[in-house]
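Reproduced below: coords36.txt, with compact mmCIF, C-alpha atoms.
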```txt
# COMPACT_ATOMS: atom_id res chain seq x y z
CA MET A 1 17.23 -19.70 10.27
CA THR A 2 20.57 -21.42 10.04
CA ALA A 3 21.03 -25.10 10.67
CA THR A 4 24.41 -24.61 12.34
CA ASP A 5 22.84 -22.87 15.30
CA ARG A 6 20.62 -25.83 15.99
CA ASP A 7 23.43 -28.26 16.70
CA ASN A 8 25.10 -29.36 19.92
CA ARG A 9 22.00 -29.42 22.06
CA PRO A 10 21.96 -32.46 24.30
CA ASP A 11 19.01 -31.17 26.35
CA PRO A 12 15.62 -32.73 25.78
CA ALA A 13 14.16 -29.40 24.72
CA SER A 14 16.44 -27.41 22.45
CA ASP A 15 16.69 -23.65 22.78
CA ALA A 16 14.88 -23.35 19.46
CA ASP A 17 11.96 -25.48 20.72
CA LEU A 18 11.72 -23.41 23.88
CA VAL A 19 11.85 -20.19 21.88
CA HIS A 20 8.97 -21.40 19.70
CA ARG A 21 6.91 -22.41 22.70
CA ALA A 22 7.63 -19.12 24.48
CA LYS A 23 6.64 -17.24 21.34
CA GLY A 24 3.43 -19.23 21.45
CA GLY A 25 2.68 -17.88 24.90
CA GLU A 26 4.14 -20.57 27.17
CA LEU A 27 5.68 -18.87 30.19
CA ALA A 28 7.23 -22.12 31.46
CA ALA A 29 9.28 -22.40 28.26
CA LEU A 30 10.60 -18.89 28.74
CA GLU A 31 11.46 -19.63 32.36
CA THR A 32 13.38 -22.72 31.31
CA LEU A 33 15.42 -20.57 28.94
CA VAL A 34 16.05 -18.04 31.69
CA THR A 35 17.14 -20.77 34.09
CA ARG A 36 19.41 -22.22 31.44
CA TYR A 37 21.20 -18.94 30.77
CA GLU A 38 20.86 -16.76 33.89
CA THR A 39 24.22 -17.82 35.36
CA ARG A 40 25.98 -17.22 32.07
CA VAL A 41 24.47 -13.77 31.66
CA TYR A 42 25.18 -12.84 35.28
CA SER A 43 28.78 -14.07 35.04
CA LEU A 44 29.34 -12.11 31.86
CA ALA A 45 27.89 -8.94 33.38
CA LEU A 46 29.87 -9.37 36.58
CA ARG A 47 33.09 -9.93 34.72
CA ILE A 48 32.53 -6.87 32.54
CA LEU A 49 31.23 -4.54 35.25
CA ARG A 50 32.95 -6.00 38.33
CA HIS A 51 30.06 -4.91 40.53
CA PRO A 52 27.42 -7.41 41.74
CA HIS A 53 24.57 -4.91 41.97
CA ASP A 54 25.15 -3.59 38.45
CA ALA A 55 25.50 -7.15 37.18
CA GLN A 56 22.12 -8.03 38.69
CA ASP A 57 20.52 -4.99 37.05
CA VAL A 58 21.99 -5.96 33.71
CA THR A 59 20.82 -9.56 34.09
CA GLN A 60 17.27 -8.47 34.84
CA GLN A 61 17.21 -5.89 32.03
CA THR A 62 18.55 -8.49 29.64
CA PHE A 63 15.82 -11.03 30.32
CA LEU A 64 13.07 -8.40 30.35
CA SER A 65 14.35 -7.23 27.00
CA VAL A 66 14.41 -10.82 25.73
CA MET A 67 10.79 -11.25 26.78
CA GLU A 68 9.77 -8.00 25.15
CA HIS A 69 11.47 -8.71 21.83
CA LEU A 70 11.09 -12.47 21.62
CA THR A 71 8.39 -12.47 18.96
CA ALA A 72 10.57 -10.20 16.83
CA PHE A 73 13.57 -12.54 17.21
CA ARG A 74 14.02 -13.98 13.73
CA GLU A 75 16.36 -16.78 14.78
CA GLU A 76 18.98 -15.91 12.20
CA ALA A 77 21.51 -16.38 15.00
CA SER A 78 21.23 -18.85 17.85
CA PHE A 79 19.25 -17.82 20.92
CA ALA A 80 22.48 -17.83 22.97
CA THR A 81 24.20 -15.45 20.56
CA TRP A 82 21.21 -13.13 20.47
CA LEU A 83 20.87 -13.20 24.25
CA LEU A 84 24.55 -12.56 24.91
CA ARG A 85 24.54 -9.69 22.47
CA ILE A 86 21.65 -8.09 24.38
CA ALA A 87 23.50 -8.68 27.66
CA THR A 88 26.71 -7.19 26.29
CA HIS A 89 24.92 -4.08 25.07
CA ALA A 90 23.16 -3.71 28.42
CA ALA A 91 26.48 -4.01 30.26
CA LEU A 92 28.22 -1.53 27.96
CA LYS A 93 25.35 0.91 28.46
CA VAL A 94 25.88 0.77 32.22
CA LEU A 95 29.59 1.35 31.67
CA ARG A 96 28.89 4.38 29.52
CA LYS A 97 26.57 5.80 32.13
CA ARG A 98 29.14 5.13 34.83
CA ARG A 99 31.80 6.83 32.72
CA GLY A 100 29.72 9.96 32.28
CA LEU A 101 31.73 11.92 34.79
CA GLU A 102 35.00 10.11 34.44
CA THR A 103 37.93 11.25 32.37
CA VAL A 104 38.50 7.94 30.59
CA SER A 105 35.87 7.51 27.95
CA LEU A 106 34.50 4.28 26.64
CA GLU A 107 35.57 5.43 23.21
CA ALA A 108 39.16 5.49 24.38
CA ALA A 109 38.78 1.85 25.26
CA THR A 110 37.27 0.90 21.93
CA GLU A 111 39.51 2.89 19.59
CA PRO A 112 41.91 0.94 17.40
CA PRO A 113 45.25 -0.04 18.89
CA ALA A 114 48.11 2.27 18.03
CA ASP A 115 50.15 1.27 15.01
CA GLY A 116 53.08 -0.85 15.92
CA GLU A 117 51.68 -1.79 19.29
CA SER A 118 53.91 -4.68 20.14
CA ILE A 119 52.79 -8.15 21.10
CA PRO A 120 54.02 -9.08 24.58
CA HIS A 121 56.50 -11.94 24.47
CA PRO A 122 56.11 -14.95 26.74
CA GLU A 123 58.61 -14.63 29.57
CA TYR A 124 57.67 -17.19 32.19
CA ILE A 125 57.34 -20.47 30.34
CA ALA A 126 56.53 -23.59 32.33
CA ASP A 127 54.18 -26.55 32.34
CA TRP A 128 51.34 -26.10 34.78
CA ARG A 129 51.33 -28.14 37.96
CA GLU A 130 47.66 -29.08 37.59
CA THR A 131 45.00 -29.37 34.90
CA PRO A 132 42.49 -26.55 34.45
CA GLU A 133 39.75 -28.94 35.60
CA ARG A 134 41.54 -29.47 38.90
CA LEU A 135 42.38 -25.79 39.31
CA VAL A 136 38.74 -24.64 39.16
CA GLU A 137 37.87 -27.00 41.99
CA HIS A 138 39.67 -24.82 44.52
CA GLN A 139 38.36 -21.53 45.81
CA GLU A 140 41.80 -19.93 46.06
CA THR A 141 42.80 -20.79 42.51
CA ARG A 142 39.41 -19.55 41.22
CA GLN A 143 40.12 -16.26 42.98
CA MET A 144 43.54 -16.12 41.35
CA VAL A 145 41.93 -16.70 37.95
CA GLU A 146 39.44 -13.86 38.49
CA LEU A 147 42.20 -11.60 39.75
CA ALA A 148 44.22 -12.18 36.58
CA LEU A 149 41.16 -11.33 34.48
CA GLY A 150 40.61 -8.17 36.53
CA GLU A 151 44.18 -7.06 35.84
CA LEU A 152 43.58 -7.06 32.10
CA ASP A 153 42.99 -3.74 30.46
CA GLU A 154 39.22 -3.62 29.91
CA LYS A 155 39.52 -3.34 26.13
CA HIS A 156 41.32 -6.67 26.19
CA ARG A 157 39.09 -8.18 28.87
CA TRP A 158 35.85 -7.60 26.94
CA VAL A 159 37.20 -9.22 23.80
CA PHE A 160 38.49 -12.23 25.74
CA LEU A 161 35.16 -12.60 27.56
CA LEU A 162 33.02 -12.51 24.46
CA ARG A 163 35.25 -14.56 22.21
CA ASP A 164 36.87 -17.13 24.47
CA VAL A 165 34.55 -17.38 27.44
CA GLN A 166 31.17 -16.81 25.80
CA GLY A 167 32.25 -18.49 22.59
CA LEU A 168 31.14 -15.78 20.15
CA SER A 169 32.91 -15.77 16.79
CA VAL A 170 35.42 -13.05 15.94
CA LYS A 171 32.78 -11.49 13.70
CA GLU A 172 30.12 -11.55 16.42
CA THR A 173 32.55 -10.14 18.99
CA ALA A 174 33.46 -7.34 16.60
CA ALA A 175 29.77 -6.55 16.02
CA ALA A 176 28.93 -6.55 19.73
CA LEU A 177 31.79 -4.19 20.62
CA GLY A 178 31.71 -2.02 17.53
CA LEU A 179 35.25 -3.00 16.54
CA SER A 180 36.83 -4.28 13.35
CA GLU A 181 37.61 -7.98 13.17
CA ALA A 182 41.32 -7.16 12.85
CA ASN A 183 41.10 -5.21 16.08
CA VAL A 184 39.37 -8.06 17.85
CA LYS A 185 42.15 -10.43 16.79
CA VAL A 186 44.93 -8.17 18.03
CA ARG A 187 43.21 -7.60 21.34
CA LEU A 188 42.43 -11.26 21.76
CA LEU A 189 46.06 -12.21 21.26
CA ARG A 190 47.21 -9.67 23.83
CA ALA A 191 44.57 -10.84 26.31
CA ARG A 192 45.46 -14.50 25.87
CA LEU A 193 49.19 -13.82 26.21
CA GLN A 194 48.81 -11.65 29.27
CA LEU A 195 46.54 -14.14 31.02
CA ARG A 196 48.89 -16.97 30.09
CA GLU A 197 51.80 -15.06 31.60
CA THR A 198 50.03 -14.25 34.86
CA LEU A 199 48.54 -17.70 35.32
CA THR A 200 51.77 -19.50 34.43
CA ARG A 201 53.61 -17.49 37.06
CA ALA A 202 50.95 -18.67 39.52
CA PHE A 203 50.38 -22.25 38.35
CA GLY A 204 53.63 -23.10 36.55
CA ASP A 205 55.90 -25.84 37.84
CA PRO A 206 59.37 -24.29 38.46
CA ALA A 207 60.91 -27.73 37.91
CA ARG A 208 59.47 -27.80 34.37
CA ARG A 209 60.34 -24.27 33.39
CA TRP A 210 61.97 -23.20 30.14
CA ALA A 211 64.13 -20.13 29.71
CA PRO A 212 62.45 -17.53 27.47
CA HIS A 213 63.59 -18.19 23.93
CA ARG A 214 65.08 -15.59 21.67
CA HIS A 215 62.00 -14.60 19.73
CA ASP A 216 63.90 -13.76 16.59
CA ALA A 217 65.66 -17.11 16.63
CA ASP A 218 64.82 -20.27 14.76
CA ALA A 219 63.49 -23.16 16.75
CA ALA A 220 65.71 -24.13 19.64
CA ALA A 221 67.46 -27.43 19.29
CA PRO A 222 65.78 -30.23 21.23
CA VAL A 223 67.31 -30.75 24.62
CA MET B 224 59.61 -20.60 10.75
CA LYS B 225 60.82 -18.66 13.79
CA CYS B 226 59.32 -18.38 17.27
CA GLN B 227 58.29 -14.82 16.44
CA ASP B 228 56.29 -16.05 13.42
CA LEU B 229 54.55 -18.61 15.56
CA LEU B 230 53.51 -15.92 18.01
CA ALA B 231 51.88 -13.96 15.20
CA MET B 232 49.90 -17.03 14.13
CA LEU B 233 49.11 -18.26 17.62
CA ASN B 234 45.43 -17.24 17.60
CA ASP B 235 44.67 -18.83 14.27
CA TYR B 236 46.50 -21.99 15.28
CA VAL B 237 44.74 -22.35 18.63
CA ASP B 238 41.37 -21.63 16.98
CA GLY B 239 42.02 -24.10 14.16
CA ASP B 240 41.82 -21.38 11.52
CA LEU B 241 45.21 -21.90 9.84
CA ALA B 242 45.48 -23.13 6.26
CA PRO B 243 46.69 -26.76 6.23
CA GLY B 244 50.08 -25.96 4.66
CA VAL B 245 50.89 -23.23 7.17
CA CYS B 246 49.60 -25.39 9.98
CA ALA B 247 51.96 -28.21 9.01
CA GLU B 248 54.88 -25.78 8.91
CA LEU B 249 53.96 -24.43 12.33
CA GLU B 250 53.73 -27.94 13.74
CA ARG B 251 57.17 -28.75 12.36
CA HIS B 252 58.47 -25.77 14.32
CA LEU B 253 56.63 -26.89 17.44
CA ALA B 254 58.09 -30.39 17.21
CA GLY B 255 61.57 -28.92 17.64
CA CYS B 256 60.83 -26.04 20.04
CA ASN B 257 59.88 -26.93 23.60
CA PRO B 258 59.24 -23.35 24.80
CA CYS B 259 56.76 -22.78 21.96
CA GLN B 260 55.05 -26.11 22.71
CA VAL B 261 54.61 -25.08 26.32
CA VAL B 262 53.32 -21.62 25.39
CA VAL B 263 50.67 -23.14 23.10
CA ASP B 264 49.70 -25.62 25.80
CA ASN B 265 49.52 -22.82 28.42
CA ILE B 266 47.24 -20.76 26.16
CA ARG B 267 44.88 -23.69 25.59
CA LYS B 268 44.74 -24.36 29.33
CA THR B 269 44.13 -20.67 30.04
CA ILE B 270 41.08 -20.65 27.77
CA THR B 271 39.79 -23.93 29.21
CA LEU B 272 40.22 -22.59 32.72
CA TYR B 273 38.08 -19.50 32.08
CA ARG B 274 35.41 -21.48 30.27
CA ALA B 275 35.24 -24.04 33.05
CA GLY B 276 35.18 -21.47 35.81
CA GLN B 277 32.78 -18.98 34.32
CA ALA B 278 29.87 -19.63 36.67
CA TYR B 279 29.41 -17.12 39.41
CA ALA B 280 26.54 -18.32 41.55
CA LEU B 281 23.43 -16.19 41.22
CA PRO B 282 22.49 -14.93 44.68
CA ARG B 283 19.35 -16.87 45.59
CA GLU B 284 17.27 -13.82 46.52
CA PHE B 285 18.22 -12.15 43.27
CA ARG B 286 17.20 -15.23 41.31
CA GLU B 287 13.79 -15.21 43.01
CA ARG B 288 13.39 -11.50 42.33
CA LEU B 289 14.37 -11.98 38.70
CA HIS B 290 11.84 -14.72 38.06
CA ALA B 291 9.12 -12.82 39.92
CA ALA B 292 9.81 -9.72 37.82
CA LEU B 293 9.61 -11.75 34.63
CA ARG B 294 6.32 -13.38 35.61
CA GLU B 295 4.90 -10.00 36.56
CA ARG B 296 5.94 -8.43 33.25
CA TRP B 297 4.54 -11.42 31.36
CA LYS B 298 1.21 -11.01 33.10
CA GLN B 299 1.14 -7.26 32.46
CA ALA B 300 1.78 -7.83 28.78
CA GLY B 301 -1.25 -10.15 28.77
CA ASN B 302 0.97 -12.61 27.00
CA ALA B 303 -0.83 -15.61 25.66
CA GLY B 304 0.40 -15.97 22.17
CA GLY B 305 0.12 -12.27 21.51
CA GLY B 306 3.18 -10.14 21.07
CA PRO B 307 4.71 -7.38 19.06
CA ARG B 308 3.83 -7.61 15.40
```
Could you take the file, read its structure, and then write that structure out as structure tokens?
Amino acid sequence: MTATDRDNRPDPASDADLVHRAKGGELAALETLVTRYETRVYSLALRILRHPHDAQDVTQQTFLSVMEHLTAFREEASFATWLLRIATHAALKVLRKRRGLETVSLEAATEPPADGESIPHPEYIADWRETPERLVEHQETRQMVELALGELDEKHRWVFLLRDVQGLSVKETAAALGLSEANVKVRLLRARLQLRETLTRAFGDPARRWAPHRHDADAAAPV
Amino acid sequence: MKCQDLLAMLNDYVDGDLAPGVCAELERHLAGCNPCQVVVDNIRKTITLYRAGQAYALPREFRERLHAALRERWKQAGNAGGGPR
């Protein structure tokens, strides 16, 4: 058990407490855990699979699997990390099954990036018109945000989802996807830059736009 | 430091993983480079936006089905403190 995984729990009952009670046979404790994480698992599955029915299947399989293996859960990682790893594997399994008859294999999406694969340079550079907190309040901007995520190549999308959205470490993301940590970092950078580009074109303020800098140049002089 | 160098270190900077000396050098660059400042700010906002907006609502009937399935499986397993190993 690591102490670090026990921190940051404002709720009256911590995940660890609920896990212990569920291990002791308390169904209500397990249901509290499910309620606490069901939206997160469903969102992850939906963003990976992009199909509500498949995402529901994955969510149910994930929690059934959690129930089945709870007593064997050694709590070396946090419950959230363990749970999200199970959910990720369940989602990837559905993808593999779905890919059975398709030409693009999952392996193609998880192989290392080609040597010299360039990093996309920022082109549209502007301050955003609104804060992220304000942007998520509106249905149309939320749709735009999901659209941008959907446009990402899946090998970049998965890394972004696990690392930035689910908050797994680089090491945990690499383990969940069967990638090297170096690979995760490269993919994460590409994902972040591509999303930044798309969202800044949508949410950037043209009046506060900067011309793309010469990327081989030293810092531009202050205006 | 050049803009290109900053791009290569962007992840580590945003994640707070840069060594203090390198971080200070990068921040000196940022202080004099508005486009890079804005790019870093955009990236931070992008991450915040996806974290804040991650919740798809669970369809209510699915949620009920899910909890019913879990209770059923729990009962079947005769779970009352017992469990694997």
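Within 12 Å of range 298-300 of chain B, once all atoms listed in the file are used and residues closer than 6 positions along the same chain are dropped, the contacting residues are Gly25, Glu26, Leu27, Leu64, Met67, Glu68 and His69 of chain A; Ala291, Ala292, Gly306 and Pro307 of chain B.
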Under the rule of at most 8 Å, produce a per-residue listing of chain A near chain B: chain, number, name, the closest pair of atoms, and the distance in Å, as CSV, using all atoms listed in the file.
```
residue,atom,partner,partner_atom,distance
A:Lys23,CA,B:Gly304,CA,6.4
A:Gly24,CA,B:Gly304,CA,4.5
A:Gly25,CA,B:Gly304,CA,4.0
A:Glu26,CA,B:Ala303,CA,7.2
A:Leu27,CA,B:Trp297,CA,7.6
A:Glu31,CA,B:His290,CA,7.5
A:Glu38,CA,B:Leu281,CA,7.8
A:Thr39,CA,B:Ala278,CA,6.1
A:Arg40,CA,B:Ala278,CA,6.5
A:Tyr42,CA,B:Leu281,CA,7.0
A:Ser43,CA,B:Tyr279,CA,5.4
A:Gln56,CA,B:Phe285,CA,7.3
A:Gln60,CA,B:Leu289,CA,6.0
A:Phe63,CA,B:Leu293,CA,7.6
A:Leu64,CA,B:Leu293,CA,6.4
A:Met67,CA,B:Trp297,CA,7.8
A:Glu68,CA,B:Pro307,CA,7.9
A:His69,CA,B:Pro307,CA,7.4
A:Thr71,CA,B:Gly306,CA,6.1
A:Ala72,CA,B:Pro307,CA,6.9
A:Pro122,CA,B:Val262,CA,7.4
A:Ile125,CA,B:Val262,CA,6.5
A:Ala126,CA,B:Val261,CA,6.5
A:Asp127,CA,B:Val261,CA,6.2
A:Trp128,CA,B:Asn265,CA,7.4
A:Thr131,CA,B:Lys268,CA,7.5
A:Pro132,CA,B:Leu272,CA,4.9
A:Glu133,CA,B:Leu272,CA,7.0
A:Leu135,CA,B:Leu272,CA,7.6
A:Val136,CA,B:Gly276,CA,5.8
A:Arg142,CA,B:Gly276,CA,7.1
A:Val145,CA,B:Tyr273,CA,7.6
A:Asp164,CA,B:Ile270,CA,6.4
A:Val165,CA,B:Arg274,CA,5.1
A:Gln166,CA,B:Arg274,CA,7.7
A:Lys185,CA,B:Asn234,CA,7.6
A:Leu188,CA,B:Asn234,CA,7.9
A:Leu189,CA,B:Asn234,CA,6.3
A:Arg192,CA,B:Ile266,CA,6.5
A:Leu193,CA,B:Ile266,CA,7.2
A:Leu195,CA,B:Thr269,CA,7.0
A:Arg196,CA,B:Ile266,CA,5.7
A:Leu199,CA,B:Thr269,CA,7.5
A:Thr200,CA,B:Asn265,CA,7.2
A:Trp210,CA,B:Pro258,CA,6.0
A:Ala211,CA,B:Pro258,CA,7.6
A:Pro212,CA,B:Pro258,CA,7.2
A:His213,CA,B:Pro258,CA,6.8
A:Arg214,CA,B:Cys226,CA,7.8
A:His215,CA,B:Gln227,CA,5.0
A:Asp216,CA,B:Gln227,CA,5.7
A:Ala217,CA,B:Lys225,CA,5.8
A:Asp218,CA,B:Lys225,CA,4.4
A:Ala219,CA,B:Cys256,CA,5.1
A:Ala220,CA,B:Cys256,CA,5.3
A:Ala221,CA,B:Gly255,CA,6.3
A:Pro222,CA,B:Gly255,CA,5.7
```
* One decimal, Å: what's the distance from CA of Val66 in chain A over to CA of Ala22 in chain A, could you say? =>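 Straight-line distance from CA of Val66 in chain A to CA of Ala22 in chain A works out to 10.8 Å.
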Students should find that CA of Leu179 in chain A and CA of Lys155 in chain A are spaced 10.5 Å
note - CA of Ser65 in chain A and CA of Trp82 in chain A are separated by 11.2 Å
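Of the residues under consideration (A:Asp153, A:Asp15, A:Glu75, A:Glu140), A:Asp15 shows the shortest atom-to-atom contact distance to Tyr37 in chain A when counting only C-alpha atoms.
Take the candidates A:Ala77, A:Leu147, A:Leu152, A:Ala55 and check each one against Glu172 in chain A using only C-alpha atoms; the shortest distance goes to A:Ala77.
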Mind checking which residues fall within 9 Å of Ser180 in chain A, counting all atoms listed in the file, ignoring those fewer than 5 positions away in the same chain, and posting them as an NGL selection string? :A and (112 or 171 or 174-175 or 185)
Starting from the incomplete input, reconstruct N, CA, C and O atoms of range 283-295 of chain B and write that as a CSV table (one decimal), in the coordinates of the input.
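And here's rebuild28.csv as it stands now:
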```csv
chain,number,residue,atom,x,y,z
B,283,ARG,N,20.7,-16.2,45.6
B,283,ARG,CA,19.4,-16.9,45.6
B,283,ARG,C,18.2,-15.8,45.6
B,283,ARG,O,17.3,-15.9,44.8
B,284,GLU,N,18.4,-14.8,46.5
B,284,GLU,CA,17.3,-13.8,46.5
B,284,GLU,C,17.2,-13.0,45.2
B,284,GLU,O,16.1,-12.7,44.8
B,285,PHE,N,18.3,-12.8,44.6
B,285,PHE,CA,18.2,-12.2,43.3
B,285,PHE,C,17.5,-13.0,42.2
B,285,PHE,O,16.7,-12.6,41.5
B,286,ARG,N,17.8,-14.3,42.3
B,286,ARG,CA,17.2,-15.2,41.3
B,286,ARG,C,15.7,-15.2,41.5
B,286,ARG,O,14.9,-15.2,40.5
B,287,GLU,N,15.2,-15.2,42.8
B,287,GLU,CA,13.8,-15.2,43.0
B,287,GLU,C,13.2,-13.9,42.5
B,287,GLU,O,12.1,-13.9,41.9
B,288,ARG,N,13.9,-12.8,42.8
B,288,ARG,CA,13.4,-11.5,42.3
B,288,ARG,C,13.3,-11.4,40.8
B,288,ARG,O,12.3,-10.9,40.2
B,289,LEU,N,14.3,-12.0,40.2
B,289,LEU,CA,14.4,-12.0,38.7
B,289,LEU,C,13.2,-12.7,38.1
B,289,LEU,O,12.5,-12.2,37.3
B,290,HIS,N,12.9,-13.9,38.6
B,290,HIS,CA,11.8,-14.7,38.1
B,290,HIS,C,10.5,-14.1,38.4
B,290,HIS,O,9.6,-14.1,37.6
B,291,ALA,N,10.4,-13.5,39.6
B,291,ALA,CA,9.1,-12.8,39.9
B,291,ALA,C,8.9,-11.6,39.0
B,291,ALA,O,7.8,-11.4,38.5
B,292,ALA,N,9.9,-10.9,38.7
B,292,ALA,CA,9.8,-9.7,37.8
B,292,ALA,C,9.4,-10.2,36.4
B,292,ALA,O,8.6,-9.5,35.8
B,293,LEU,N,9.9,-11.3,36.0
B,293,LEU,CA,9.6,-11.8,34.6
B,293,LEU,C,8.2,-12.2,34.6
B,293,LEU,O,7.4,-11.9,33.6
B,294,ARG,N,7.7,-12.9,35.6
B,294,ARG,CA,6.3,-13.4,35.6
B,294,ARG,C,5.4,-12.2,35.6
B,294,ARG,O,4.3,-12.2,35.0
B,295,GLU,N,5.7,-11.2,36.4
B,295,GLU,CA,4.9,-10.0,36.6
B,295,GLU,C,4.8,-9.3,35.2
B,295,GLU,O,3.7,-8.9,34.8
```
